[in-house]
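What follows is the content of my_file_4.pdb, which has PDB, C-alpha atoms, pLDDT in the B column:
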```pdb
ATOM      1  CA  MET A 513     101.745 109.328 127.292  1.00 87.00           C
ATOM      2  CA  ALA A 514     104.461 111.790 128.247  1.00 91.00           C
ATOM      3  CA  ALA A 515     107.217 109.166 128.287  1.00 90.00           C
ATOM      4  CA  TYR A 516     105.993 107.664 125.023  1.00 89.00           C
ATOM      5  CA  THR A 517     105.928 111.103 123.371  1.00 89.00           C
ATOM      6  CA  ILE A 518     109.465 111.886 124.489  1.00 89.00           C
ATOM      7  CA  LYS A 519     110.718 108.449 123.471  1.00 87.00           C
ATOM      8  CA  THR A 520     109.257 108.718 119.947  1.00 85.00           C
ATOM      9  CA  SER A 521     111.525 111.698 119.261  1.00 82.00           C
ATOM     10  CA  HIS A 522     114.335 109.072 119.194  1.00 83.00           C
ATOM     11  CA  ILE A 523     116.919 111.455 120.618  1.00 85.00           C
ATOM     12  CA  PHE A 524     116.274 111.183 124.368  1.00 89.00           C
ATOM     13  CA  ASP A 525     116.721 108.606 127.113  1.00 90.00           C
ATOM     14  CA  ILE A 526     114.252 108.727 130.005  1.00 93.00           C
ATOM     15  CA  TYR A 527     114.898 107.903 133.655  1.00 92.00           C
ATOM     16  CA  LYS A 528     111.620 107.616 135.587  1.00 93.00           C
ATOM     17  CA  ASN A 529     110.714 108.301 139.215  1.00 93.00           C
ATOM     18  CA  LEU A 530     114.126 109.373 140.478  1.00 91.00           C
ATOM     19  CA  ARG A 531     114.348 110.320 144.154  1.00 90.00           C
ATOM     20  CA  THR A 532     116.389 113.313 145.218  1.00 84.00           C
ATOM     21  CA  SER A 533     117.002 114.184 148.857  1.00 83.00           C
ATOM     22  CA  THR A 534     113.884 116.394 148.835  1.00 82.00           C
ATOM     23  CA  ASN A 535     111.691 115.405 145.866  1.00 85.00           C
ATOM     24  CA  GLU A 536     110.885 112.858 143.240  1.00 88.00           C
ATOM     25  CA  LEU A 537     111.476 113.614 139.578  1.00 91.00           C
ATOM     26  CA  ASP A 538     108.781 112.071 137.405  1.00 94.00           C
ATOM     27  CA  GLN A 539     111.214 111.973 134.507  1.00 94.00           C
ATOM     28  CA  LEU A 540     114.804 113.014 134.016  1.00 92.00           C
ATOM     29  CA  VAL A 541     115.364 113.238 130.288  1.00 92.00           C
ATOM     30  CA  LYS A 542     118.810 113.254 128.701  1.00 90.00           C
ATOM     31  CA  ILE A 543     119.799 113.519 125.091  1.00 87.00           C
ATOM     32  CA  ASN A 544     121.216 110.135 124.135  1.00 85.00           C
ATOM     33  CA  ASP A 545     124.870 109.738 123.174  1.00 82.00           C
ATOM     34  CA  GLN A 546     124.285 109.245 119.457  1.00 80.00           C
ATOM     35  CA  ASN A 547     122.453 112.590 119.233  1.00 80.00           C
ATOM     36  CA  ARG A 548     124.679 114.740 121.458  1.00 77.00           C
ATOM     37  CA  LEU A 549     126.194 116.160 118.245  1.00 77.00           C
ATOM     38  CA  LEU A 550     122.869 117.965 117.602  1.00 75.00           C
ATOM     39  CA  ILE A 551     123.623 120.227 120.570  1.00 71.00           C
ATOM     40  CA  TRP A 552     127.208 120.819 119.499  1.00 69.00           C
ATOM     41  CA  LEU A 553     125.993 121.828 116.028  1.00 69.00           C
ATOM     42  CA  ASN A 554     123.398 124.171 117.601  1.00 69.00           C
ATOM     43  CA  ILE A 555     120.564 122.236 115.966  1.00 67.00           C
ATOM     44  CA  VAL A 556     119.081 121.574 119.397  1.00 73.00           C
ATOM     45  CA  ASP A 557     119.116 124.104 122.263  1.00 74.00           C
ATOM     46  CA  SER A 558     121.868 123.066 124.695  1.00 74.00           C
ATOM     47  CA  ARG A 559     119.424 123.316 127.615  1.00 74.00           C
ATOM     48  CA  LEU A 560     117.570 120.340 126.107  1.00 77.00           C
ATOM     49  CA  GLY A 561     120.591 118.148 126.855  1.00 79.00           C
ATOM     50  CA  ASN A 562     118.970 117.403 130.225  1.00 86.00           C
ATOM     51  CA  PHE A 563     115.497 118.348 131.322  1.00 91.00           C
ATOM     52  CA  ILE A 564     112.802 117.337 133.752  1.00 94.00           C
ATOM     53  CA  GLY A 565     109.394 116.023 132.786  1.00 95.00           C
ATOM     54  CA  GLU A 566     106.686 116.508 135.407  1.00 96.00           C
ATOM     55  CA  CYS A 567     103.265 114.912 134.959  1.00 95.00           C
ATOM     56  CA  LYS A 568     100.186 116.384 136.616  1.00 94.00           C
ATOM     57  CA  ASN A 569      96.971 114.411 136.201  1.00 91.00           C
ATOM     58  CA  TYR A 570      94.530 116.955 137.629  1.00 91.00           C
ATOM     59  CA  GLN A 571      90.856 117.550 136.870  1.00 94.00           C
ATOM     60  CA  ASN A 572      91.535 121.258 136.268  1.00 96.00           C
ATOM     61  CA  LYS A 573      94.346 123.487 135.094  1.00 97.00           C
ATOM     62  CA  ILE A 574      97.542 123.434 137.136  1.00 97.00           C
ATOM     63  CA  PRO A 575      97.407 126.204 139.774  1.00 96.00           C
ATOM     64  CA  VAL A 576     100.231 128.609 140.554  1.00 96.00           C
ATOM     65  CA  THR A 577     101.199 126.758 143.754  1.00 95.00           C
ATOM     66  CA  TYR A 578     102.274 123.678 141.791  1.00 95.00           C
ATOM     67  CA  VAL A 579     104.094 125.769 139.200  1.00 96.00           C
ATOM     68  CA  GLY A 580     105.966 127.330 142.129  1.00 95.00           C
ATOM     69  CA  LYS A 581     106.986 123.856 143.249  1.00 94.00           C
ATOM     70  CA  VAL A 582     108.315 123.172 139.749  1.00 94.00           C
ATOM     71  CA  CYS A 583     110.340 126.411 139.980  1.00 94.00           C
ATOM     72  CA  SER A 584     111.857 125.127 143.212  1.00 92.00           C
ATOM     73  CA  LEU A 585     112.533 121.739 141.640  1.00 92.00           C
ATOM     74  CA  LEU A 586     114.459 123.357 138.781  1.00 92.00           C
ATOM     75  CA  CYS A 587     116.553 125.395 141.207  1.00 90.00           C
ATOM     76  CA  THR A 588     117.412 122.458 143.453  1.00 89.00           C
ATOM     77  CA  THR A 589     118.282 120.086 140.596  1.00 88.00           C
ATOM     78  CA  GLN A 590     120.092 122.727 138.542  1.00 85.00           C
ATOM     79  CA  ASN A 591     118.156 121.831 135.408  1.00 89.00           C
ATOM     80  CA  LYS A 592     117.086 124.640 133.091  1.00 91.00           C
ATOM     81  CA  ILE A 593     113.961 123.127 131.530  1.00 93.00           C
ATOM     82  CA  CYS A 594     110.894 121.389 132.859  1.00 95.00           C
ATOM     83  CA  ILE A 595     108.153 120.186 130.582  1.00 96.00           C
ATOM     84  CA  LEU A 596     104.952 120.192 132.572  1.00 97.00           C
ATOM     85  CA  PHE A 597     102.687 117.510 131.090  1.00 97.00           C
ATOM     86  CA  SER A 598      98.965 117.744 131.866  1.00 97.00           C
ATOM     87  CA  TYR A 599      95.619 117.495 130.166  1.00 97.00           C
ATOM     88  CA  HIS A 600      94.271 120.987 130.848  1.00 97.00           C
ATOM     89  CA  GLY A 601      97.482 123.024 130.974  1.00 96.00           C
ATOM     90  CA  VAL A 602      98.240 125.788 133.471  1.00 97.00           C
ATOM     91  CA  THR A 603      96.050 128.561 134.881  1.00 97.00           C
ATOM     92  CA  GLY A 604      96.159 132.119 133.626  1.00 94.00           C
ATOM     93  CA  ARG A 605      96.983 133.977 130.464  1.00 88.00           C
ATOM     94  CA  ASN A 606      99.703 136.453 129.666  1.00 86.00           C
ATOM     95  CA  TRP A 607     101.100 137.647 133.032  1.00 91.00           C
ATOM     96  CA  GLU A 608      98.414 136.127 135.282  1.00 94.00           C
ATOM     97  CA  ASP A 609      98.425 133.121 137.616  1.00 96.00           C
ATOM     98  CA  SER A 610     100.581 130.131 136.599  1.00 96.00           C
ATOM     99  CA  MET A 611     101.409 131.510 133.173  1.00 95.00           C
ATOM    100  CA  GLY A 612     102.591 134.767 134.763  1.00 94.00           C
ATOM    101  CA  LEU A 613     104.842 132.900 137.201  1.00 96.00           C
ATOM    102  CA  ILE A 614     106.343 130.893 134.330  1.00 95.00           C
ATOM    103  CA  LYS A 615     107.206 134.145 132.541  1.00 94.00           C
ATOM    104  CA  LYS A 616     108.585 135.845 135.662  1.00 94.00           C
ATOM    105  CA  PHE A 617     110.682 132.793 136.506  1.00 94.00           C
ATOM    106  CA  TYR A 618     112.067 132.801 132.969  1.00 93.00           C
ATOM    107  CA  LEU A 619     113.138 136.443 133.360  1.00 91.00           C
ATOM    108  CA  ALA A 620     114.813 135.805 136.739  1.00 89.00           C
ATOM    109  CA  LYS A 621     118.189 135.207 135.071  1.00 85.00           C
ATOM    110  CA  GLU A 622     119.907 137.848 133.001  1.00 82.00           C
ATOM    111  CA  LYS A 623     121.637 135.589 130.460  1.00 82.00           C
ATOM    112  CA  THR A 624     119.222 133.897 128.076  1.00 77.00           C
ATOM    113  CA  ASP A 625     121.101 130.580 128.038  1.00 77.00           C
ATOM    114  CA  GLU A 626     120.882 130.403 131.852  1.00 83.00           C
ATOM    115  CA  ARG A 627     117.161 131.069 132.072  1.00 88.00           C
ATOM    116  CA  PHE A 628     114.713 128.527 133.404  1.00 92.00           C
ATOM    117  CA  CYS A 629     112.003 127.394 130.990  1.00 93.00           C
ATOM    118  CA  ILE A 630     108.830 125.754 132.196  1.00 96.00           C
ATOM    119  CA  ILE A 631     106.965 124.457 129.190  1.00 96.00           C
ATOM    120  CA  ASP A 632     103.227 123.809 129.427  1.00 96.00           C
ATOM    121  CA  PHE A 633     102.548 120.669 127.366  1.00 96.00           C
ATOM    122  CA  ASN A 634      98.859 119.794 127.292  1.00 96.00           C
ATOM    123  CA  ILE A 635      96.219 118.004 125.247  1.00 96.00           C
ATOM    124  CA  LYS A 636      96.470 120.540 122.416  1.00 95.00           C
ATOM    125  CA  ASP A 637     100.139 119.660 122.003  1.00 94.00           C
ATOM    126  CA  PHE A 638      99.413 115.926 122.011  1.00 94.00           C
ATOM    127  CA  GLU A 639      96.842 116.645 119.278  1.00 94.00           C
ATOM    128  CA  GLU A 640      99.513 118.494 117.277  1.00 92.00           C
ATOM    129  CA  ILE A 641     101.739 115.424 117.490  1.00 91.00           C
ATOM    130  CA  ALA A 642      98.812 113.259 116.342  1.00 91.00           C
ATOM    131  CA  LYS A 643      98.583 115.550 113.288  1.00 90.00           C
ATOM    132  CA  GLY A 644     102.228 114.796 112.506  1.00 88.00           C
ATOM    133  CA  ASN A 645     104.015 117.674 114.211  1.00 88.00           C
ATOM    134  CA  ASN A 646     107.334 116.996 115.898  1.00 87.00           C
ATOM    135  CA  PHE A 647     107.741 116.931 119.717  1.00 89.00           C
ATOM    136  CA  LEU A 648     111.102 118.685 119.590  1.00 87.00           C
ATOM    137  CA  GLN A 649     109.796 121.419 117.298  1.00 87.00           C
ATOM    138  CA  ILE A 650     106.824 122.038 119.593  1.00 91.00           C
ATOM    139  CA  ILE A 651     109.179 122.408 122.574  1.00 91.00           C
ATOM    140  CA  GLU A 652     111.542 124.713 120.708  1.00 88.00           C
ATOM    141  CA  ASN A 653     108.612 126.839 119.491  1.00 90.00           C
ATOM    142  CA  LYS A 654     107.299 127.109 123.046  1.00 92.00           C
ATOM    143  CA  MET A 655     110.757 128.134 124.262  1.00 90.00           C
ATOM    144  CA  LEU A 656     110.882 130.781 121.539  1.00 88.00           C
ATOM    145  CA  ALA A 657     107.404 132.008 122.485  1.00 89.00           C
ATOM    146  CA  LEU A 658     108.572 132.360 126.084  1.00 89.00           C
ATOM    147  CA  LYS A 659     111.716 134.171 124.968  1.00 88.00           C
ATOM    148  CA  ILE A 660     109.967 136.739 122.783  1.00 87.00           C
ATOM    149  CA  ASP A 661     106.815 136.942 124.938  1.00 82.00           C
ATOM    150  CA  THR A 662     104.358 135.863 122.313  1.00 74.00           C
ATOM    151  CA  ASP A 663     101.587 133.310 122.086  1.00 67.00           C
ATOM    152  CA  TYR A 664     102.751 129.831 121.061  1.00 61.00           C
ATOM    153  CA  SER A 665      99.638 129.336 118.919  1.00 59.00           C
ATOM    154  CA  THR A 666     100.994 131.937 116.482  1.00 56.00           C
ATOM    155  CA  PHE A 667     103.619 129.383 115.485  1.00 56.00           C
ATOM    156  CA  ILE A 668     101.054 126.758 114.537  1.00 55.00           C
ATOM    157  CA  THR A 669      98.402 128.828 112.828  1.00 54.00           C
ATOM    158  CA  GLU A 670      98.458 129.916 109.257  1.00 53.00           C
ATOM    159  CA  HIS A 671      98.300 133.571 108.279  1.00 47.00           C
ATOM    160  CA  GLU A 672      94.984 134.473 106.657  1.00 55.00           C
ATOM    161  CA  LEU A 673      96.686 135.362 103.357  1.00 51.00           C
ATOM    162  CA  THR A 674      98.617 132.080 103.055  1.00 51.00           C
ATOM    163  CA  SER A 675      95.763 130.133 101.450  1.00 57.00           C
ATOM    164  CA  LYS A 676      95.026 132.993  99.048  1.00 59.00           C
ATOM    165  CA  ILE A 677      98.667 133.188  97.974  1.00 54.00           C
ATOM    166  CA  LEU A 678      98.849 129.422  97.504  1.00 56.00           C
ATOM    167  CA  MET A 679      95.672 129.464  95.410  1.00 62.00           C
ATOM    168  CA  GLU A 680      97.110 132.245  93.226  1.00 62.00           C
ATOM    169  CA  GLN A 681     100.328 130.296  92.728  1.00 60.00           C
ATOM    170  CA  GLN A 682      98.380 127.208  91.635  1.00 64.00           C
ATOM    171  CA  LYS A 683      96.565 129.115  88.872  1.00 62.00           C
TER     172      LYS A 683
END
```

Write-out of the structure in structure tokens:
Amino acid sequence: MAAYTIKTSHIFDIYKNLRTSTNELDQLVKINDQNRLLIWLNIVDSRLGNFIGECKNYQNKIPVTYVGKVCSLLCTTQNKICILFSYHGVTGRNWEDSMGLIKKFYLAKEKTDERFCIIDFNIKDFEEIAKGNNFLQIIENKMLALKIDTDYSTFITEHELTSKILMEQQK
């Protein structure tokens, strides 16, 4: 599902199961040549030029130990982004457990464009795509949520006054 989701964005090429000297990358994802201009025009974050996709098919949320291994993987491959695909997501909320490590790892670098982003992509995100939302927009929103330390769900929910305003405009 992860590879299919990435491929349907039509801007990435995927290389699966690549061996490094110490690990295996589930997916190395590169922006394809015909869409490299999107980075140059700042339409797409330059860190999305190359990223790692890691798939974890666990019965529960991904514990902090495995998120730590992803941190190590990013450091050793010199990639800035890893999208962590799973059904249940990662453990913790805010600054606890896996989610806390993701946030601390993001803050480890001083310059924003050098920071490591681990993006939790789970069943809720696949459901958003099924509703017609865009994979790239979901990733960019999650990167923004990490940057400004907010909850990603605030980007996909409607403010309580929106429906009232729309109803007033229709009258």

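On the file presented, the PyMOL selection byres ((chain A and resi 525-531) around 8) picks out Ala515, Ile518, Lys519, Ile523, Phe524, Thr532, Ser533, Thr534, Asn535, Glu536, Leu537, Asp538, Gln539, Leu540, Val541, Lys542, Ile543 and Asn544 of chain A.
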
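Minimum distance to A:Ile635 across A:Leu560, A:Val602, A:Leu619, A:Leu549 (counting only C-alpha atoms) occurs at A:Val602.
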
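Closest approach to A:Lys621 among A:Tyr516, A:Lys592, A:Asn606, A:His522 is made by A:Lys592 (distances from only C-alpha atoms).
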
As a check of understanding, name the residues that the PyMOL selection byres ((chain A and resi 557) around 12) selects in the supplied structure, as an MDAnalysis selection string. chainID A and resid 543 548:556 558:563 592:593 624:626 629 648:649 651:653 655:656

Atoms to include: C-alpha atoms. Write the selected residues as a short mmCIF file (atom, residue, chain, number, x, y, z; two decimals), keeping the file's coordinate frame.
```cif
data_model
loop_
_atom_site.label_atom_id
_atom_site.label_comp_id
_atom_site.auth_asym_id
_atom_site.auth_seq_id
_atom_site.Cartn_x
_atom_site.Cartn_y
_atom_site.Cartn_z
CA ILE A 543 119.80 113.52 125.09
CA ARG A 548 124.68 114.74 121.46
CA LEU A 549 126.19 116.16 118.24
CA LEU A 550 122.87 117.96 117.60
CA ILE A 551 123.62 120.23 120.57
CA TRP A 552 127.21 120.82 119.50
CA LEU A 553 125.99 121.83 116.03
CA ASN A 554 123.40 124.17 117.60
CA ILE A 555 120.56 122.24 115.97
CA VAL A 556 119.08 121.57 119.40
CA SER A 558 121.87 123.07 124.70
CA ARG A 559 119.42 123.32 127.62
CA LEU A 560 117.57 120.34 126.11
CA GLY A 561 120.59 118.15 126.86
CA ASN A 562 118.97 117.40 130.22
CA PHE A 563 115.50 118.35 131.32
CA LYS A 592 117.09 124.64 133.09
CA ILE A 593 113.96 123.13 131.53
CA THR A 624 119.22 133.90 128.08
CA ASP A 625 121.10 130.58 128.04
CA GLU A 626 120.88 130.40 131.85
CA CYS A 629 112.00 127.39 130.99
CA LEU A 648 111.10 118.68 119.59
CA GLN A 649 109.80 121.42 117.30
CA ILE A 651 109.18 122.41 122.57
CA GLU A 652 111.54 124.71 120.71
CA ASN A 653 108.61 126.84 119.49
CA MET A 655 110.76 128.13 124.26
CA LEU A 656 110.88 130.78 121.54
#
```

Between atom CA of A:Ile660 and atom CA of A:Phe617 lies a distance of 14.3 Å

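Taking only C-alpha atoms into account, A:Met513 lies nearest to A:Ser598 out of the set A:Asn646, A:Thr603, A:Ser598, A:Thr662.
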
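Pairwise distance (atom CA of A:Ala642, atom CA of A:Asn569) equals 20.0 Å.
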
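Note that the spacing between atom CA of A:Val582 and atom CA of A:Leu596 amounts to 8.5 Å.
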
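Among A:Lys573, A:Phe633, A:Leu658, A:Lys568, the residue with the shortest atom-to-atom distance to A:Trp607, counting all atoms listed in the file, is A:Leu658.
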
Test item: which residues lie within 12 Å of (99.2, 119.8, 134.0) counting only C-alpha atoms, as a PyMOL selection string: chain A and resi 514+565-576+578-579+582+594-603+610-611+630-636

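The residue that comes closest to A:Phe638, out of A:Ile650, A:Leu613, A:Cys583, A:Ala620 and on the basis of all atoms listed in the file, is A:Ile650.
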
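Counting only C-alpha atoms, the residue from A:Lys643, A:Lys659, A:Leu585, A:Gly604 that sits nearest to A:Tyr618 is A:Lys659.
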